[in-house]
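Inspection log for the structure reproduced underneath, given as structure tokens.
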Amino acid sequence: MFLLENYNVAVLFCVITMLCWGSWANTQKLAGKTWRYELFYWDYVFGVVLASLIFAFTLGSNGEYGRDFCTDLAQADPKSIFYAFSGGVVFNIANILLVAAIAIAGMSVAFPVGIGLALVLGVLLNYLDKSANAGNPALLFSGVGLVALAIILNAIAYRKMPGQQGNAGSKGLILSILCGVLMSMFYYLVARSLSGVVQGDKILPLTLENLKSGSLEVGKLTPYTGNMIFAIGILASNFVIMPILMKKPLTGSSVPLFAYFRGTLCDHLWGLIGGMIWAVGMTLNVIASGVASTAVAYGLGQGATLMSAIWGVFIWKEFKGAPKGTGKILAFMFLFFIVGLALIIKARM
């Protein structure tokens, strides 16, 4: 299977994750002109599963070291499968809340508040679990602190917008916050399912260099297998959660199940593309986590908040018509995001 051994390449993979995770929601914006988010989300999930399957049978099944996907799946123990599957379920609930928040409040609010909060809580959770490999804690948490300030500034700017002081504005923020709390947990669950490298009596991070002189843990999963089971968890939970939300949606009127089959090819294509974009980011991130640490890899990946804010502010003009002074708040928000992400990168260098 394909693995990394260079930290700079791992950072590059995390930056690509940031671009993917911060940009996939543009497909929802494009489809949302004629297509309800509940219907979009079905195709999004199918896209995640499809991309994960492609990675499992390509990068995850070729190479000199490690186990191929089918062999790894056959030896997986129930505990590891449970962790990866549970990560998919938790992610799915959080992501549905995010998609609903985007529909209500827009990308430039739902992402910085929801995913920004997930970054702060998720880095802390993953750091406590993998502290020996997480790098300089002062730099790591200084970066996280600046990201937290950026989130607060974004929320302040959003509340200044006309019409956002009522129930609709509050609902968008509440959904984003709930999303952030749940989103902070999924990566931790998936990481617990993944194999390290056994060298003597030590368990080392999964990197190509370590694997050349060691072996994978028995029962645990490679990044590709863990990612595939994670995707199955998303798919399985969607068949339980989404029909309920279509009947009693978080926003708007109910949506009949058969409405999904009325969509055009273009409607369905946007969802598939969005899911595949997100899954590319997830796969590259778990590959990079062995070299960069789960805390740093997750923190950089969730720098998606910066990308989504750029899309929302400059492309979709979601703050158009904002009162005087809002631009300065947004400028400081971007500054804190950029410096915070730079410190997170520096923490492992």
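Residue numbering restarts at 1 in every chain; chains get A, B, ... in the order shown in the structure tokens, and ligands count up from 1 in that same order.
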
With only C-alpha atoms as the counted atoms, please give the residues lying no more than 12 Å from Tyr224 (chain A), apart from itself and same-chain residues fewer than 6 positions off, as a ChimeraX atom specification. /A:1-3,49,51-62,66-73,84,190-191,193-195,230-231,279-280,282-288

Distance query Leu269 (chain A) at most 10 Å, only C-alpha atoms, self and fewer than 5 positions along chain excluded, as a PyMOL selection string: chain A and resi 27+31+40+43-44+47+263-264+274-275

Using N, CA, C and O atoms, can you export the residues from the last selection as a PDB file, in the first residue's frame?
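Output file selection31.pdb is given in full below:
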```
ATOM      1  N   THR A  27     -20.547  22.459  -4.333  1.00  0.00           N
ATOM      2  CA  THR A  27     -21.440  21.629  -5.145  1.00  0.00           C
ATOM      3  C   THR A  27     -22.862  21.684  -4.608  1.00  0.00           C
ATOM      4  O   THR A  27     -23.826  21.621  -5.367  1.00  0.00           O
ATOM      5  N   ALA A  31     -26.051  22.954  -6.680  1.00  0.00           N
ATOM      6  CA  ALA A  31     -27.238  22.109  -6.819  1.00  0.00           C
ATOM      7  C   ALA A  31     -28.441  22.697  -6.098  1.00  0.00           C
ATOM      8  O   ALA A  31     -29.586  22.438  -6.472  1.00  0.00           O
ATOM      9  N   PHE A  40     -29.765  16.230  -2.235  1.00  0.00           N
ATOM     10  CA  PHE A  40     -28.340  16.365  -2.555  1.00  0.00           C
ATOM     11  C   PHE A  40     -27.504  15.419  -1.699  1.00  0.00           C
ATOM     12  O   PHE A  40     -26.542  14.794  -2.176  1.00  0.00           O
ATOM     13  N   ASP A  43     -26.744  11.709  -2.765  1.00  0.00           N
ATOM     14  CA  ASP A  43     -25.693  11.555  -3.771  1.00  0.00           C
ATOM     15  C   ASP A  43     -24.315  11.850  -3.180  1.00  0.00           C
ATOM     16  O   ASP A  43     -23.318  11.225  -3.567  1.00  0.00           O
ATOM     17  N   TYR A  44     -24.265  12.791  -2.265  1.00  0.00           N
ATOM     18  CA  TYR A  44     -23.005  13.104  -1.578  1.00  0.00           C
ATOM     19  C   TYR A  44     -22.454  11.854  -0.884  1.00  0.00           C
ATOM     20  O   TYR A  44     -21.267  11.518  -1.006  1.00  0.00           O
ATOM     21  N   GLY A  47     -21.122   9.368  -3.267  1.00  0.00           N
ATOM     22  CA  GLY A  47     -19.828   9.822  -3.766  1.00  0.00           C
ATOM     23  C   GLY A  47     -18.697   9.500  -2.804  1.00  0.00           C
ATOM     24  O   GLY A  47     -17.601   9.095  -3.221  1.00  0.00           O
ATOM     25  N   GLY A 263     -34.861  13.939  -9.913  1.00  0.00           N
ATOM     26  CA  GLY A 263     -33.745  14.826 -10.194  1.00  0.00           C
ATOM     27  C   GLY A 263     -33.136  14.597 -11.568  1.00  0.00           C
ATOM     28  O   GLY A 263     -33.188  13.487 -12.110  1.00  0.00           O
ATOM     29  N   THR A 264     -32.544  15.634 -12.101  1.00  0.00           N
ATOM     30  CA  THR A 264     -31.854  15.517 -13.381  1.00  0.00           C
ATOM     31  C   THR A 264     -30.474  14.898 -13.165  1.00  0.00           C
ATOM     32  O   THR A 264     -29.992  14.777 -12.033  1.00  0.00           O
ATOM     33  N   GLY A 274     -19.400  16.254  -5.046  1.00  0.00           N
ATOM     34  CA  GLY A 274     -19.145  16.795  -3.710  1.00  0.00           C
ATOM     35  C   GLY A 274     -18.658  15.722  -2.751  1.00  0.00           C
ATOM     36  O   GLY A 274     -17.685  15.930  -1.998  1.00  0.00           O
ATOM     37  N   GLY A 275     -19.296  14.550  -2.767  1.00  0.00           N
ATOM     38  CA  GLY A 275     -18.886  13.461  -1.888  1.00  0.00           C
ATOM     39  C   GLY A 275     -17.504  12.937  -2.219  1.00  0.00           C
ATOM     40  O   GLY A 275     -16.704  12.636  -1.325  1.00  0.00           O
TER      41      GLY A 275
END
```

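Within 6 Å of region 196-212 of chain A, once only C-alpha atoms are used and residues closer than 4 positions along the same chain are dropped, the contacting residues are Leu3, Leu4, Glu5, Leu216, Gly290 and Val291 of chain A.
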
Atoms kept (N, CA and C atoms) for selection, written as a PDB file, in the first residue's frame:
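Result file follows (out29.pdb):
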```
ATOM      1  N   LEU A   3       2.304   4.652   1.318  1.00  0.00           N
ATOM      2  CA  LEU A   3       2.479   5.370   2.584  1.00  0.00           C
ATOM      3  C   LEU A   3       3.480   6.508   2.397  1.00  0.00           C
ATOM      4  N   LEU A   4       3.545   7.396   3.372  1.00  0.00           N
ATOM      5  CA  LEU A   4       4.461   8.539   3.334  1.00  0.00           C
ATOM      6  C   LEU A   4       5.573   8.366   4.359  1.00  0.00           C
ATOM      7  N   GLU A   5       6.683   9.074   4.134  1.00  0.00           N
ATOM      8  CA  GLU A   5       7.744   9.136   5.140  1.00  0.00           C
ATOM      9  C   GLU A   5       8.310  10.547   5.278  1.00  0.00           C
ATOM     10  N   LEU A 216       2.666  -4.408  10.680  1.00  0.00           N
ATOM     11  CA  LEU A 216       1.393  -3.826  11.087  1.00  0.00           C
ATOM     12  C   LEU A 216       0.825  -4.576  12.293  1.00  0.00           C
ATOM     13  N   GLY A 290       0.094   9.478   9.906  1.00  0.00           N
ATOM     14  CA  GLY A 290       1.184   8.703  10.470  1.00  0.00           C
ATOM     15  C   GLY A 290       2.459   9.518  10.607  1.00  0.00           C
ATOM     16  N   VAL A 291       2.708  10.392   9.647  1.00  0.00           N
ATOM     17  CA  VAL A 291       3.903  11.234   9.664  1.00  0.00           C
ATOM     18  C   VAL A 291       3.659  12.518  10.444  1.00  0.00           C
TER      19      VAL A 291
END
```

Residues of region 83-306 of chain A in strand (DSSP E or B) according to DSSP, as a VMD selection string? chain A and resid 194 197 to 199 202 to 204 215 to 216 221

Determine the nearest neighbour of Gly252 (chain A) from the options A:Gly172, A:Leu153, A:Ile104, A:Val11, counting only C-alpha atoms. A:Ile104

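Checking A:Gly226, A:Gly312, A:Pro137, A:Gly271 one by one against Arg348 (chain A), counting only C-alpha atoms, you find the shortest gap at A:Pro137.
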
Using only C-alpha atoms, which of A:Lys79, A:Lys29, A:Arg36, A:Lys160 sits nearest Phe319 (chain A)? A:Lys160

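When CA of Pro162 (chain A) is paired with CA of Val109 (chain A), their separation reads 14.2 Å.
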
I need the helix (DSSP H, G or I) residues of region 113-256 of chain A per DSSP on the backbone, written as a PyMOL selection string. chain A and resi 113-129+131-133+137-159+167-193+208-211+223-247

Selection export as a CSV table (one decimal), in the first residue's frame, atoms kept: C-alpha atoms:
```
chain,number,residue,atom,x,y,z
A,113,VAL,CA,-18.4,28.2,13.3
A,114,GLY,CA,-19.1,24.5,12.9
A,115,ILE,CA,-15.9,23.2,11.4
A,116,GLY,CA,-13.8,25.8,13.3
A,117,LEU,CA,-15.2,24.5,16.6
A,118,ALA,CA,-14.6,20.9,15.4
A,119,LEU,CA,-11.0,21.9,14.8
A,120,VAL,CA,-10.5,23.2,18.3
A,121,LEU,CA,-12.1,20.3,20.1
A,122,GLY,CA,-10.8,17.7,17.7
A,123,VAL,CA,-7.2,18.8,18.0
A,124,LEU,CA,-7.5,18.7,21.8
A,125,LEU,CA,-9.0,15.2,21.7
A,126,ASN,CA,-6.5,13.8,19.2
A,127,TYR,CA,-3.6,15.4,21.1
A,128,LEU,CA,-4.6,13.8,24.4
A,129,ASP,CA,-4.7,10.4,22.7
A,131,SER,CA,0.5,13.4,22.7
A,132,ALA,CA,3.9,11.7,22.2
A,133,ASN,CA,3.6,12.3,18.4
A,137,PRO,CA,2.1,21.8,22.4
A,138,ALA,CA,2.7,25.5,22.8
A,139,LEU,CA,2.7,26.1,19.0
A,140,LEU,CA,-0.1,23.6,18.5
A,141,PHE,CA,-2.5,25.2,21.0
A,142,SER,CA,-1.5,28.8,20.2
A,143,GLY,CA,-2.6,28.0,16.6
A,144,VAL,CA,-5.8,26.4,17.8
A,145,GLY,CA,-6.4,29.5,20.0
A,146,LEU,CA,-6.1,31.9,17.1
A,147,VAL,CA,-8.5,29.7,15.1
A,148,ALA,CA,-10.9,29.9,18.0
A,149,LEU,CA,-10.7,33.7,17.9
A,150,ALA,CA,-11.4,33.6,14.2
A,151,ILE,CA,-14.5,31.6,14.8
A,152,ILE,CA,-15.8,34.2,17.4
A,153,LEU,CA,-15.1,37.0,14.9
A,154,ASN,CA,-17.0,35.2,12.2
A,155,ALA,CA,-20.0,34.7,14.5
A,156,ILE,CA,-19.9,38.4,15.4
A,157,ALA,CA,-19.9,39.4,11.8
A,158,TYR,CA,-22.7,37.1,11.0
A,159,ARG,CA,-24.9,38.5,13.7
A,167,ASN,CA,-35.0,32.8,15.0
A,168,ALA,CA,-33.5,32.0,11.5
A,169,GLY,CA,-30.1,33.5,12.4
A,170,SER,CA,-30.0,31.8,15.8
A,171,LYS,CA,-31.0,28.5,14.2
A,172,GLY,CA,-28.1,28.6,11.7
A,173,LEU,CA,-25.6,29.3,14.5
A,174,ILE,CA,-27.1,26.6,16.8
A,175,LEU,CA,-26.9,24.0,14.1
A,176,SER,CA,-23.3,25.0,13.3
A,177,ILE,CA,-22.3,24.6,17.0
A,178,LEU,CA,-24.0,21.2,17.3
A,179,CYS,CA,-22.2,20.1,14.1
A,180,GLY,CA,-18.9,21.3,15.5
A,181,VAL,CA,-19.2,19.3,18.8
A,182,LEU,CA,-20.1,16.1,16.9
A,183,MET,CA,-17.6,16.7,14.1
A,184,SER,CA,-14.7,16.9,16.6
A,185,MET,CA,-15.2,13.2,17.6
A,186,PHE,CA,-15.3,11.3,14.3
A,187,TYR,CA,-11.6,11.5,13.4
A,188,TYR,CA,-10.7,10.3,16.9
A,189,LEU,CA,-12.8,7.2,16.5
A,190,VAL,CA,-11.4,6.4,13.0
A,191,ALA,CA,-7.8,7.0,14.3
A,192,ARG,CA,-8.4,4.4,17.1
A,193,SER,CA,-9.1,1.8,14.5
A,208,LEU,CA,6.9,3.9,5.3
A,209,GLU,CA,10.2,4.2,7.1
A,210,ASN,CA,8.9,2.5,10.2
A,211,LEU,CA,7.1,-0.2,8.2
A,223,PRO,CA,-5.8,3.8,6.5
A,224,TYR,CA,-7.5,2.6,3.3
A,225,THR,CA,-9.5,-0.2,5.1
A,226,GLY,CA,-10.4,2.1,8.0
A,227,ASN,CA,-11.5,4.8,5.5
A,228,MET,CA,-13.7,2.3,3.6
A,229,ILE,CA,-15.5,1.0,6.8
A,230,PHE,CA,-15.9,4.6,7.8
A,231,ALA,CA,-17.7,5.3,4.5
A,232,ILE,CA,-19.9,2.3,5.0
A,233,GLY,CA,-20.9,3.7,8.5
A,234,ILE,CA,-21.9,6.9,6.8
A,235,LEU,CA,-24.0,5.1,4.2
A,236,ALA,CA,-25.7,2.7,6.7
A,237,SER,CA,-26.6,5.5,9.1
A,238,ASN,CA,-27.9,7.6,6.2
A,239,PHE,CA,-30.6,5.0,5.5
A,240,VAL,CA,-31.8,5.5,9.1
A,241,ILE,CA,-31.4,9.3,9.6
A,242,MET,CA,-32.2,10.8,6.3
A,243,PRO,CA,-35.8,9.4,5.8
A,244,ILE,CA,-36.6,10.9,9.2
A,245,LEU,CA,-35.2,14.3,8.3
A,246,MET,CA,-37.0,14.2,4.9
A,247,LYS,CA,-40.3,13.7,6.8
```

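If you measure from each of A:Leu265, A:Ala297, A:Ala76, A:Met161 to Val218 (chain A) using only C-alpha atoms, the closest one turns out to be A:Ala76.
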
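Of the residues listed (A:Ile338, A:Leu221, A:Met276, A:Ala259), A:Met276 shows the shortest atom-to-atom separation from Leu50 (chain A); distances use only C-alpha atoms.
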
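Minimum atom-to-atom distances from A:Ala94, A:Leu250, A:Ile344, A:Ala25 to Ala309 (chain A) were compared using only C-alpha atoms, and the lowest value belongs to A:Ala25.
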
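Between CA of Phe334 (chain A) and CA of Trp311 (chain A) lies a distance of 12.2 Å.
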